[in-house]
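J.: Sending over model-v1.txt (compact mmCIF, C-alpha atoms).
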# COMPACT_ATOMS: atom_id res chain seq x y z
CA MET C 1 -26.37 28.88 -11.52
CA GLN C 2 -26.30 32.43 -12.72
CA ARG C 3 -24.25 34.65 -14.94
CA SER C 4 -22.09 36.79 -12.74
CA PRO C 5 -22.46 40.55 -12.81
CA THR C 6 -19.24 40.80 -10.76
CA LEU C 7 -16.73 39.25 -13.15
CA LYS C 8 -15.11 42.56 -13.95
CA ARG C 9 -11.65 43.15 -15.43
CA ARG C 10 -9.06 42.71 -12.70
CA LEU C 11 -5.88 42.72 -14.79
CA SER C 12 -3.15 44.36 -12.77
CA CYS C 13 -1.21 45.35 -15.91
CA THR C 14 -2.03 48.80 -17.31
CA ASP C 15 -0.20 48.15 -20.56
CA LEU C 16 -2.94 46.79 -22.84
CA LYS C 17 -0.47 45.89 -25.57
CA SER C 18 1.41 43.66 -23.16
CA ALA C 19 -1.85 42.10 -22.05
CA LYS C 20 -2.83 41.27 -25.63
CA ALA C 21 0.62 39.92 -26.39
CA MET C 22 0.43 37.64 -23.38
CA ARG C 23 -2.82 35.93 -24.36
CA SER C 24 -3.27 35.00 -27.99
CA ASN C 25 -7.04 34.85 -28.38
CA LEU C 26 -10.20 33.59 -26.76
CA ILE C 27 -10.20 29.96 -25.65
CA GLN C 28 -12.91 27.88 -27.29
CA ARG C 29 -14.48 24.86 -25.64
CA PRO C 30 -12.30 21.89 -26.68
CA ARG C 31 -13.32 18.29 -27.21
CA SER C 32 -14.54 16.76 -23.98
CA GLY C 33 -11.61 15.33 -22.05
CA SER C 34 -8.81 17.21 -23.82
CA PRO C 35 -6.12 18.20 -21.28
CA LEU C 36 -5.57 21.92 -20.73
CA LEU C 37 -3.41 23.87 -18.32
CA MET C 38 -4.68 26.78 -16.24
CA LEU C 39 -1.81 29.21 -15.72
CA SER C 40 -1.25 32.02 -13.28
CA ALA C 41 1.60 33.81 -15.00
CA GLU C 42 3.39 37.04 -15.76
CA LYS C 43 4.84 38.34 -19.00
CA ASP C 44 6.21 41.82 -19.71
CA GLY C 45 5.04 42.94 -16.27
CA CYS C 46 1.48 41.75 -16.87
CA ARG C 47 -0.11 39.19 -14.54
CA SER C 48 -3.06 37.13 -15.66
CA ASN C 49 -4.76 33.75 -15.50
CA CYS C 50 -4.78 32.13 -18.92
CA VAL C 51 -5.13 28.69 -20.52
CA TYR C 52 -2.43 26.72 -22.31
CA ASN C 53 -3.42 24.07 -24.85
CA PRO C 54 -0.58 21.55 -25.33
CA ASN C 55 -2.19 20.16 -28.49
CA ASP C 56 -1.54 23.36 -30.45
CA ASP C 57 1.13 24.82 -28.13
CA ARG C 58 -0.73 28.10 -27.67
CA VAL C 59 -1.82 30.27 -24.75
CA TYR C 60 -5.39 31.61 -24.75
CA GLU C 61 -7.40 34.11 -22.75
CA THR C 62 -10.62 33.15 -21.01
CA LYS C 63 -13.97 34.77 -21.83
CA SER C 64 -13.88 36.77 -18.60
CA ASP C 65 -10.74 38.14 -17.01
CA LEU C 66 -9.98 35.92 -14.03
CA SER C 67 -6.77 37.50 -12.81
CA GLY C 68 -8.33 38.47 -9.46
CA TYR C 69 -8.75 34.84 -8.44
CA ARG C 70 -6.59 32.03 -7.10
CA PHE C 71 -7.49 28.65 -8.60
CA LEU C 72 -7.75 25.99 -5.88
CA GLY C 73 -9.10 22.92 -7.67
CA SER C 74 -11.13 21.78 -10.66
CA SER C 75 -13.72 19.31 -11.83
CA GLY C 76 -14.32 19.17 -15.58
CA LYS C 77 -14.72 22.74 -16.85
CA TRP C 78 -15.46 24.04 -13.33
CA PHE C 79 -12.90 25.62 -11.00
CA LEU C 80 -13.03 26.36 -7.30
CA VAL C 81 -11.58 29.86 -6.91
CA VAL C 82 -11.02 32.40 -4.14
CA ASP C 83 -10.61 36.15 -4.44
CA SER C 84 -8.42 38.43 -2.32
CA GLN C 85 -11.27 38.97 0.16
CA LEU C 86 -11.50 35.21 0.80
CA LYS C 87 -14.80 34.77 -1.03
CA LEU C 88 -15.22 31.39 -2.72
CA TYR C 89 -16.87 30.68 -6.07
CA ILE C 90 -17.25 27.88 -8.59
CA ILE C 91 -16.72 29.21 -12.12
CA ASP C 92 -17.00 27.87 -15.66
CA VAL C 93 -13.80 28.97 -17.41
CA PHE C 94 -15.49 28.88 -20.83
CA SER C 95 -18.33 31.22 -19.95
CA GLU C 96 -19.39 33.73 -17.31
CA GLU C 97 -21.36 31.20 -15.29
CA MET C 98 -20.49 31.06 -11.62
CA ILE C 99 -21.84 29.78 -8.32
CA ASP C 100 -21.58 31.89 -5.16
CA LEU C 101 -20.50 29.75 -2.21
CA PRO C 102 -21.23 30.39 1.49
CA PRO C 103 -18.85 32.72 3.34
CA LEU C 104 -16.07 31.00 5.28
CA GLU C 105 -17.42 32.41 8.53
CA SER C 106 -20.62 30.37 8.02
CA LEU C 107 -18.71 27.28 9.26
CA LYS C 108 -20.74 25.25 11.77
CA GLY C 109 -19.07 22.66 13.95
CA SER C 110 -18.42 21.42 17.45
CA LEU C 111 -14.97 22.93 18.07
CA TYR C 112 -14.27 25.84 15.75
CA LYS C 113 -15.76 28.89 14.17
CA ILE C 114 -14.34 31.40 11.68
CA GLU C 115 -14.27 35.15 12.18
CA ARG C 116 -13.27 37.83 9.71
CA VAL C 117 -10.28 40.06 10.42
CA GLY C 118 -10.64 43.11 8.21
CA GLU C 119 -11.46 42.68 4.51
CA ASN C 120 -8.75 40.22 3.48
CA LYS C 121 -8.15 37.91 6.45
CA VAL C 122 -9.95 35.37 8.63
CA ARG C 123 -8.99 33.34 11.66
CA ASN C 124 -10.41 30.39 13.55
CA ILE C 125 -11.67 30.53 17.14
CA LEU C 126 -11.74 27.53 19.47
CA PHE C 127 -15.10 27.38 21.24
CA SER C 128 -13.76 25.87 24.47
CA ASP C 129 -11.54 28.79 25.50
CA LEU C 130 -12.16 31.35 22.73
CA SER C 131 -8.48 31.20 21.79
CA ARG C 132 -7.79 32.68 18.36
CA GLY C 133 -5.53 31.29 15.67
CA ASP C 134 -3.24 33.27 13.40
CA PRO C 135 -4.94 35.28 10.64
CA HIS C 136 -5.16 33.62 7.20
CA THR C 137 -5.16 35.21 3.76
CA ALA C 138 -6.33 33.81 0.42
CA GLU C 139 -2.78 32.54 -0.21
CA ASP C 140 -3.16 30.13 2.73
CA LEU C 141 -6.34 28.46 1.47
CA ARG C 142 -6.33 25.01 -0.18
CA GLY C 143 -9.33 23.32 -1.75
CA ARG C 144 -10.84 20.45 -3.72
CA LEU C 145 -13.93 20.39 -5.93
CA TRP C 146 -16.24 17.82 -7.47
CA VAL C 147 -19.13 18.71 -9.78
CA GLY C 148 -21.50 15.99 -10.94
CA ASP C 149 -22.71 15.38 -14.48
CA ASN C 150 -25.20 18.01 -15.64
CA LYS C 151 -24.42 20.02 -12.47
CA GLU C 152 -26.90 18.00 -10.40
CA ASP C 153 -24.67 18.29 -7.34
CA TYR C 154 -21.29 19.53 -6.20
CA VAL C 155 -18.98 19.13 -3.20
CA VAL C 156 -16.45 21.70 -1.99
CA VAL C 157 -13.75 20.96 0.59
CA TRP C 158 -11.33 23.62 1.87
CA HIS C 159 -8.49 23.72 4.35
CA PHE C 160 -6.08 26.23 5.85
CA GLU C 161 -2.59 24.84 6.33
CA MET C 162 -1.76 23.88 9.95
CA ASN C 163 -5.43 24.08 11.02
CA ASP C 164 -7.00 21.06 12.71
CA PHE C 165 -10.16 20.97 10.62
CA LEU C 166 -11.55 21.06 7.08
CA GLY C 167 -14.71 22.77 5.89
CA PHE C 168 -17.08 21.31 3.31
CA CYS C 169 -20.43 22.00 1.70
CA LYS C 170 -22.68 20.46 -0.94
CA LYS C 171 -25.15 21.95 -3.36
CA GLY C 172 -28.00 23.65 -1.49
CA ASP C 173 -26.01 24.24 1.71
CA ASP C 174 -25.92 27.76 3.12
CA HIS C 175 -22.97 26.99 5.41
CA TYR C 176 -19.90 24.78 5.71
CA ARG C 177 -19.68 21.79 7.97
CA GLU C 178 -16.64 20.95 10.06
CA ILE C 179 -14.42 17.90 9.51
CA LEU C 180 -12.03 17.52 12.44
CA THR C 181 -8.55 16.28 11.54
CA ARG C 182 -7.15 15.69 15.04
CA THR C 183 -9.66 15.82 17.91
CA GLY C 184 -11.76 12.65 18.04
CA VAL C 185 -9.82 11.11 15.13
CA ARG C 186 -7.90 7.84 15.44
CA ARG C 187 -4.23 8.61 16.04
CA GLU C 188 -3.01 7.11 12.80
CA LEU C 189 -5.56 9.09 10.73
CA ARG C 190 -4.78 12.55 12.12
CA GLY C 191 -3.54 15.48 10.08
CA VAL C 192 -3.48 16.36 6.39
CA LYS C 193 -0.56 15.92 3.98
CA ASP C 194 -2.70 15.66 0.86
CA MET C 195 -6.33 15.05 -0.08
CA VAL C 196 -8.35 13.90 -3.07
CA LEU C 197 -12.07 14.41 -3.66
CA LYS C 198 -13.75 11.86 -5.92
CA GLY C 199 -17.50 12.26 -5.95
CA TYR C 200 -18.67 12.14 -2.36
CA SER C 201 -15.51 10.31 -1.26
CA LEU C 202 -12.76 12.32 0.40
CA TYR C 203 -9.38 10.62 0.71
CA VAL C 204 -6.86 12.19 3.10
CA LEU C 205 -3.18 11.27 3.38
CA ALA C 206 -2.59 11.57 7.13
CA ILE C 207 0.64 12.73 8.74
CA ARG C 208 1.54 9.17 9.79
CA ASP C 209 1.10 7.88 6.22
CA PHE C 210 -2.28 6.21 6.65
CA ILE C 211 -5.21 6.88 4.33
CA ARG C 212 -8.37 8.33 5.86
CA HIS C 213 -11.47 7.75 3.70
CA LEU C 214 -14.62 9.77 4.42
CA ASP C 215 -18.04 9.42 2.81
CA LEU C 216 -19.64 12.88 2.51
CA SER C 217 -22.92 11.74 0.95
CA GLY C 218 -24.91 11.71 4.21
CA HIS C 219 -27.71 14.11 5.01
CA GLY C 220 -27.46 14.22 8.81
CA GLU C 221 -26.12 16.96 11.04
CA ASP C 222 -22.55 16.53 9.86
CA GLY C 223 -23.14 14.32 6.80
CA ILE C 224 -19.84 12.47 7.36
CA LYS C 225 -19.12 8.75 7.68
CA ASP C 226 -15.62 7.34 8.20
CA VAL C 227 -15.15 4.32 5.93
CA SER C 228 -11.36 4.05 6.30
CA GLU C 229 -9.72 0.64 6.04
CA ASN C 230 -8.32 -0.54 9.36
CA HIS C 231 -4.61 -0.90 8.63
CA LYS C 232 -2.42 -1.83 11.57
CA LEU C 233 0.80 -0.22 10.36
CA PRO C 234 1.66 2.78 8.15
CA MET C 235 2.86 2.60 4.57
CA TRP C 236 6.61 2.07 4.22
CA MET C 237 8.36 3.37 1.11
CA PRO C 238 10.69 0.92 -0.68
CA SER C 239 14.32 1.99 -1.06
CA LEU C 240 15.52 3.66 -4.24
CA SER C 241 17.32 1.48 -6.76
CA VAL C 242 21.12 1.34 -6.77
CA ASP C 243 21.26 3.49 -9.93
CA GLU C 244 18.94 6.06 -8.36
CA GLN C 245 20.96 6.18 -5.17
CA VAL C 246 24.10 6.87 -7.23
CA ARG C 247 22.24 9.61 -9.08
CA VAL C 248 21.02 11.14 -5.82
CA ASN C 249 24.53 11.10 -4.37
CA ILE C 250 25.71 13.12 -7.38
CA ASP C 251 22.84 15.55 -7.94
CA LYS C 252 21.35 15.66 -4.42
CA ILE C 253 17.62 15.90 -3.72
CA SER C 254 16.65 19.58 -3.62
CA SER C 255 12.98 18.88 -2.86
CA SER C 256 10.56 15.98 -2.62
CA SER C 257 6.83 15.53 -2.31
CA GLU C 258 4.34 12.81 -1.43
CA SER C 259 0.83 12.88 -2.90
CA ILE C 260 -2.09 10.53 -3.38
CA ALA C 261 -4.33 9.73 -6.32
CA VAL C 262 -7.32 7.42 -6.77
CA THR C 263 -7.66 5.24 -9.86
CA ARG C 264 -10.91 4.75 -11.74
CA SER C 265 -11.31 1.42 -9.93
CA GLY C 266 -10.89 3.06 -6.50
CA GLN C 267 -7.29 1.99 -5.80
CA VAL C 268 -5.37 4.59 -3.79
CA LEU C 269 -1.90 5.33 -5.19
CA VAL C 270 0.96 7.13 -3.48
CA VAL C 271 3.03 9.29 -5.83
CA CYS C 272 6.53 10.35 -4.76
CA SER C 273 8.43 12.98 -6.71
CA TYR C 274 12.05 14.00 -6.25
CA GLU C 275 13.67 17.07 -7.75
CA LEU C 276 17.42 16.67 -8.15
CA GLY C 277 19.89 19.54 -8.10
CA ASN C 278 18.89 22.95 -9.39
CA SER C 279 17.88 21.89 -12.89
CA GLU C 280 14.17 21.39 -13.55
CA GLY C 281 15.10 18.65 -16.04
CA HIS C 282 16.18 16.36 -13.21
CA ARG C 283 13.12 14.81 -11.61
CA MET C 284 12.24 11.26 -10.54
CA PHE C 285 8.81 9.75 -9.91
CA HIS C 286 7.70 6.60 -8.14
CA VAL C 287 4.13 5.30 -7.84
CA TYR C 288 3.15 2.88 -5.08
CA LYS C 289 0.10 1.03 -3.77
CA ARG C 290 -0.84 -0.94 -0.67
CA ASP C 291 -0.53 -4.71 -0.72
CA PRO C 292 -3.99 -6.22 0.06
CA LYS C 293 -2.34 -8.49 2.65
CA ASP C 294 -1.68 -5.41 4.79
CA LEU C 295 -5.20 -5.76 6.19
CA ASP C 296 -4.24 -9.12 7.75
CA PRO C 297 -3.74 -8.43 11.51
CA LYS C 298 -0.75 -10.83 11.45
CA THR C 299 1.06 -8.71 8.87
CA TYR C 300 4.00 -6.67 10.10
CA LEU C 301 5.75 -5.96 6.79
CA THR C 302 3.70 -3.21 5.13
CA GLN C 303 6.14 -2.01 2.51
CA LEU C 304 4.36 -0.48 -0.44
CA LEU C 305 4.34 -2.22 -3.80
CA GLU C 306 5.75 -0.21 -6.69
CA VAL C 307 3.45 0.38 -9.64
CA HIS C 308 5.63 0.18 -12.75
CA SER C 309 2.82 0.72 -15.21
CA LEU C 310 -0.53 2.51 -15.28
CA GLY C 311 -1.43 0.53 -18.37
CA ASP C 312 -3.61 2.41 -20.81
CA GLU C 313 -4.28 5.20 -18.32
CA ALA C 314 -2.75 8.55 -17.40
CA LEU C 315 -2.50 10.07 -13.92
CA PHE C 316 -3.35 13.75 -13.44
CA LEU C 317 -1.89 14.61 -10.06
CA ASP C 318 -3.68 17.99 -9.83
CA LEU C 319 -6.98 16.11 -10.07
CA GLY C 320 -5.83 13.16 -7.97
CA THR C 321 -7.19 10.62 -10.43
CA THR C 322 -6.45 8.47 -13.46
CA VAL C 323 -8.23 8.69 -16.82
CA PRO C 324 -8.17 6.54 -19.97
CA ALA C 325 -5.36 7.41 -22.38
CA ASP C 326 -6.53 8.78 -25.72
CA HIS C 327 -4.11 9.86 -28.43
CA THR C 328 -6.86 11.74 -30.27
CA LEU C 329 -7.30 13.92 -27.16
CA GLY C 330 -3.59 14.21 -26.48
CA ILE C 331 -3.67 12.07 -23.31
CA GLU C 332 -0.55 9.93 -23.24
CA PRO C 333 -0.73 6.41 -21.75
CA ASN C 334 1.23 5.35 -18.67
CA SER C 335 2.11 8.96 -17.90
CA ILE C 336 1.95 11.36 -14.97
CA TYR C 337 0.75 14.90 -15.70
CA PHE C 338 2.50 17.03 -13.10
CA THR C 339 2.67 20.66 -11.98
CA ARG C 340 3.57 20.40 -8.30
CA GLY C 341 3.43 17.83 -5.52
CA ASP C 342 2.70 20.22 -2.66
CA ARG C 343 -0.64 21.69 -3.69
CA ILE C 344 -2.35 20.96 -0.37
CA ARG C 345 0.63 21.32 1.95
CA HIS C 346 3.07 23.83 0.48
CA LYS C 347 6.79 23.53 0.95
CA ASN C 348 9.17 26.48 1.18
CA PRO C 349 10.33 27.37 -1.37
CA SER C 350 7.51 26.19 -3.60
CA ARG C 351 7.41 26.43 -7.38
CA PRO C 352 5.55 24.72 -10.22
CA ASP C 353 7.33 22.29 -12.53
CA ILE C 354 5.07 21.58 -15.50
CA CYS C 355 5.81 18.27 -17.19
CA VAL C 356 4.56 14.88 -18.35
CA PHE C 357 6.53 11.90 -17.05
CA ASN C 358 6.41 8.56 -18.87
CA LEU C 359 6.64 5.63 -16.44
CA THR C 360 7.86 3.23 -19.14
CA THR C 361 10.69 5.26 -20.62
CA LYS C 362 11.40 7.35 -17.48
CA THR C 363 11.51 10.41 -19.72
CA ILE C 364 10.11 13.88 -19.11
CA LYS C 365 8.24 15.97 -21.66
CA ARG C 366 8.19 19.73 -21.17
CA PHE C 367 6.59 22.65 -22.99
CA PRO C 368 9.17 25.21 -24.21
CA THR C 369 6.50 27.84 -24.97
CA LEU C 370 5.85 28.18 -21.25
CA SER C 371 9.44 29.30 -20.66
CA ASN C 372 8.33 32.67 -22.09
CA PHE C 373 6.18 33.17 -18.99
CA ASP C 374 6.97 33.61 -15.33
CA VAL C 375 4.57 30.90 -14.14
CA LYS C 376 3.47 31.38 -10.53
CA ASP C 377 1.07 28.44 -10.45
CA ALA C 378 -0.50 25.95 -12.85
CA GLN C 379 -3.10 23.18 -12.84
CA TRP C 380 -3.97 20.53 -15.39
CA PHE C 381 -7.72 20.17 -15.99
CA LEU C 382 -9.95 18.06 -18.22
CA PRO C 383 -13.00 19.97 -19.51
CA SER C 384 -16.10 17.83 -19.89
Take the structure in this file and express it as structure tokens.
T.:
Amino acid sequence: MQRSPTLKRRLSCTDLKSAKAMRSNLIQRPRSGSPLLMLSAEKDGCRSNCVYNPNDDRVYETKSDLSGYRFLGSSGKWFLVVDSQLKLYIIDVFSEEMIDLPPLESLKGSLYKIERVGENKVRNILFSDLSRGDPHTAEDLRGRLWVGDNKEDYVVVWHFEMNDFLGFCKKGDDHYREILTRTGVRRELRGVKDMVLKGYSLYVLAIRDFIRHLDLSGHGEDGIKDVSENHKLPMWMPSLSVDEQVRVNIDKISSSSESIAVTRSGQVLVVCSYELGNSEGHRMFHVYKRDPKDLDPKTYLTQLLEVHSLGDEALFLDLGTTVPADHTLGIEPNSIYFTRGDRIRHKNPSRPDICVFNLTTKTIKRFPTLSNFDVKDAQWFLPS
């Protein structure tokens, strides 16, 4: 770790008064585990990354100006970010500490390599015939991050939409390793709809609605071991209730998303979100899990079981995990903390919808202060 000499001011707004009005004051390190929201927003023509604290309903600036970065994923106080030139870093949002990550073109694998196209684009090349994919910009990159306690290790996973591979590295690596998502992968486990990184475990929601589980803790050439459960059939979603079907017939579903999360006990959950009509106040959530009997080879009915309660836990979809509820920290029990359901595989159009959904009461809590901003993106995070 080192303090970055390159974290310079990158605020695109030249009106300093607008910049100061947008961000109240410097964010201080909160109590460990208190939920915060990283915002990429505009106000009065000024674009910036800033932090919203729901406990005091205020927006704060970070110690260093981070407006030149896209935030891809987080782990505790650390964020995986990319700049406009497609350079990746891990940064501490409460200080100027950062970790330089290998360049994307350092990828080593059996089928693909990455080449740079000018300053702000890259593309992948297939070794077998040297065919070149379409150029990618920083806006096309998706990522997940895990940082261990006391920074003893970290794992970074990134992905360009529509590509047939992921890249990953761990602390000490000087290059990324290739994870193929189609070639050489069992048919039911191919593709990427969503992914969650929990420690060295990478969970991928495949296109056919199976869960691929990879162990990235190895130290061999590729360091990857597939530990996926051997389900015979995909996950089938239960039908909506009669009341919900009536509601959908009236308001219509304007968008929907399917994501995964992993509980503290290791149970994989499927989270479905439906936006109704054109009003952001109309949103439904359903949480499902696999029935253990689905592993029985004689089972042909693999309809998911609905999870009606998370108990004394809250689900942070941006992190893909559940955490213990704690009223002193502002973490509400049996709730889903939501910003968007298409973080890994964007839909068109795509927009954030910041809210907290209570599974018991089926009510949505929003944050009126944020209506003063034109929010382009947002992520919940839990500083540790």
J.: Quick one: distance from CA of Ser335 (chain C) to CA of Ser239 (chain C) in Å, one decimal?
T.: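 It comes out at 21.9 Å.
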J.: Using only C-alpha atoms, which residues of region 180-260 of chain C come within 9 Å of region 138-160 of chain C, and what is the closest atom pair for each, with the distance in Å to one decimal? Give it as a tab-separated table, sorted by chain and residue number.
T.:
residue	atom	partner	partner_atom	distance
C:Met195	CA	C:Arg144	CA	7.9
C:Val196	CA	C:Arg144	CA	7.0
C:Leu197	CA	C:Arg144	CA	6.2
C:Lys198	CA	C:Trp146	CA	6.6
C:Gly199	CA	C:Trp146	CA	5.9
C:Tyr200	CA	C:Val155	CA	7.0
C:Leu202	CA	C:Val157	CA	8.7
C:Leu216	CA	C:Val155	CA	8.5
J.: Write out as a list in words which residues come within 12 Å of Thr361 (chain C) when counting all atoms listed in the file, dropping same-chain ones fewer than 2 positions away.
T.: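 After dropping sequence-adjacent residues, the list is Met284, Phe285, His308, Ser309, Pro333, Asn334, Ser335, Val356, Phe357, Asn358, Leu359, Thr363, Ile364 and Lys365 of chain C.
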J.: Mind listing whatever residues come within 10 Å of the point (-6.2, 13.0, -19.5)? Use all atoms listed in the file, file coordinates, and give them as a list in words.
T.: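 Residues close enough to count: Gly33, Ser34, Pro35, Leu36, Glu313, Ala314, Leu315, Phe316, Leu319, Thr321, Thr322, Val323, Pro324, Ala325, Asp326, His327, Leu329, Gly330, Ile331, Glu332, Pro333, Ser335, Ile336, Tyr337, Trp380, Phe381, Leu382 and Pro383 of chain C.
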J.: Please produce, as JSON lines, a per-residue contact table for region 61-127 of chain C versus region 164-177 of chain C (criterion: any atom at most 7 Å away, only C-alpha atoms considered), showing the nearest atom pair and its distance in Å to one decimal, sorted by chain then residue number.
T.:
{"residue": "C:Pro102", "atom": "CA", "partner": "C:His175", "partner_atom": "CA", "distance": 5.5}
{"residue": "C:Ser106", "atom": "CA", "partner": "C:His175", "partner_atom": "CA", "distance": 4.9}
{"residue": "C:Leu107", "atom": "CA", "partner": "C:Tyr176", "partner_atom": "CA", "distance": 4.5}
{"residue": "C:Lys108", "atom": "CA", "partner": "C:Arg177", "partner_atom": "CA", "distance": 5.2}
{"residue": "C:Gly109", "atom": "CA", "partner": "C:Arg177", "partner_atom": "CA", "distance": 6.1}
J.: Export, as a compact mmCIF listing (two decimals), in the frame of the given file, the selected residues with C-alpha atoms.
T.:
# COMPACT_ATOMS: atom_id res chain seq x y z
CA PRO C 102 -21.23 30.39 1.49
CA SER C 106 -20.62 30.37 8.02
CA LEU C 107 -18.71 27.28 9.26
CA LYS C 108 -20.74 25.25 11.77
CA GLY C 109 -19.07 22.66 13.95
J.: Rank C:Leu37, C:Ser48, C:Lys252, C:Leu205 by their smallest atom-to-atom distance to Ile354 (chain C), using all atoms listed in the file, and report the top residue only.
T.: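 Result for the nearest residue to Ile354 (chain C): C:Leu37.
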J.: I need the residue nearest Ser40 (chain C) from this list: C:Asp251, C:Glu61, C:Asp209, C:Glu161. Use all atoms listed in the file for the distance.
T.: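 Distance minimum relative to Ser40 (chain C) lands on C:Glu61.
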J.: Work out how far apart CA of Thr339 (chain C) and CA of Tyr69 (chain C) are and give it in Å to one decimal.
T.: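 Computed distance, CA of Thr339 (chain C) to CA of Tyr69 (chain C), equals 18.5 Å.
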J.: Have a look at C:Val268, C:Val248, C:Leu101, C:Leu305 and name the one nearest to Tyr203 (chain C); count only C-alpha atoms.
T.: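 Nearest candidate to Tyr203 (chain C) out of C:Val268, C:Val248, C:Leu101, C:Leu305: C:Val268.
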J.: Enter the distance from CA of Thr137 (chain C) to CA of Asn120 (chain C), in Å, rounded to one decimal.
T.: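 Between CA of Thr137 (chain C) and CA of Asn120 (chain C) the gap is 6.2 Å.
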J.: I'd like the neighbourhood of Ser241 (chain C) as a list of chain:residue names, where a residue qualifies if any of its atoms comes within 12 Å (using all atoms listed in the file), though same-chain residues fewer than 4 positions away should be ignored.
T.: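 Listing them by chain and then by number gives C:Gln245, C:Val246, C:Arg247, C:Val248, C:Met284, C:His286, C:Glu306.
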J.: Name the residues within 9 Å of (-5.7, 6.2, -6.8), counting all atoms listed in the file in the file's coordinates, and put them as an NGL selection string.
T.: :C and (196 or 260-270 or 289 or 315 or 320-322)
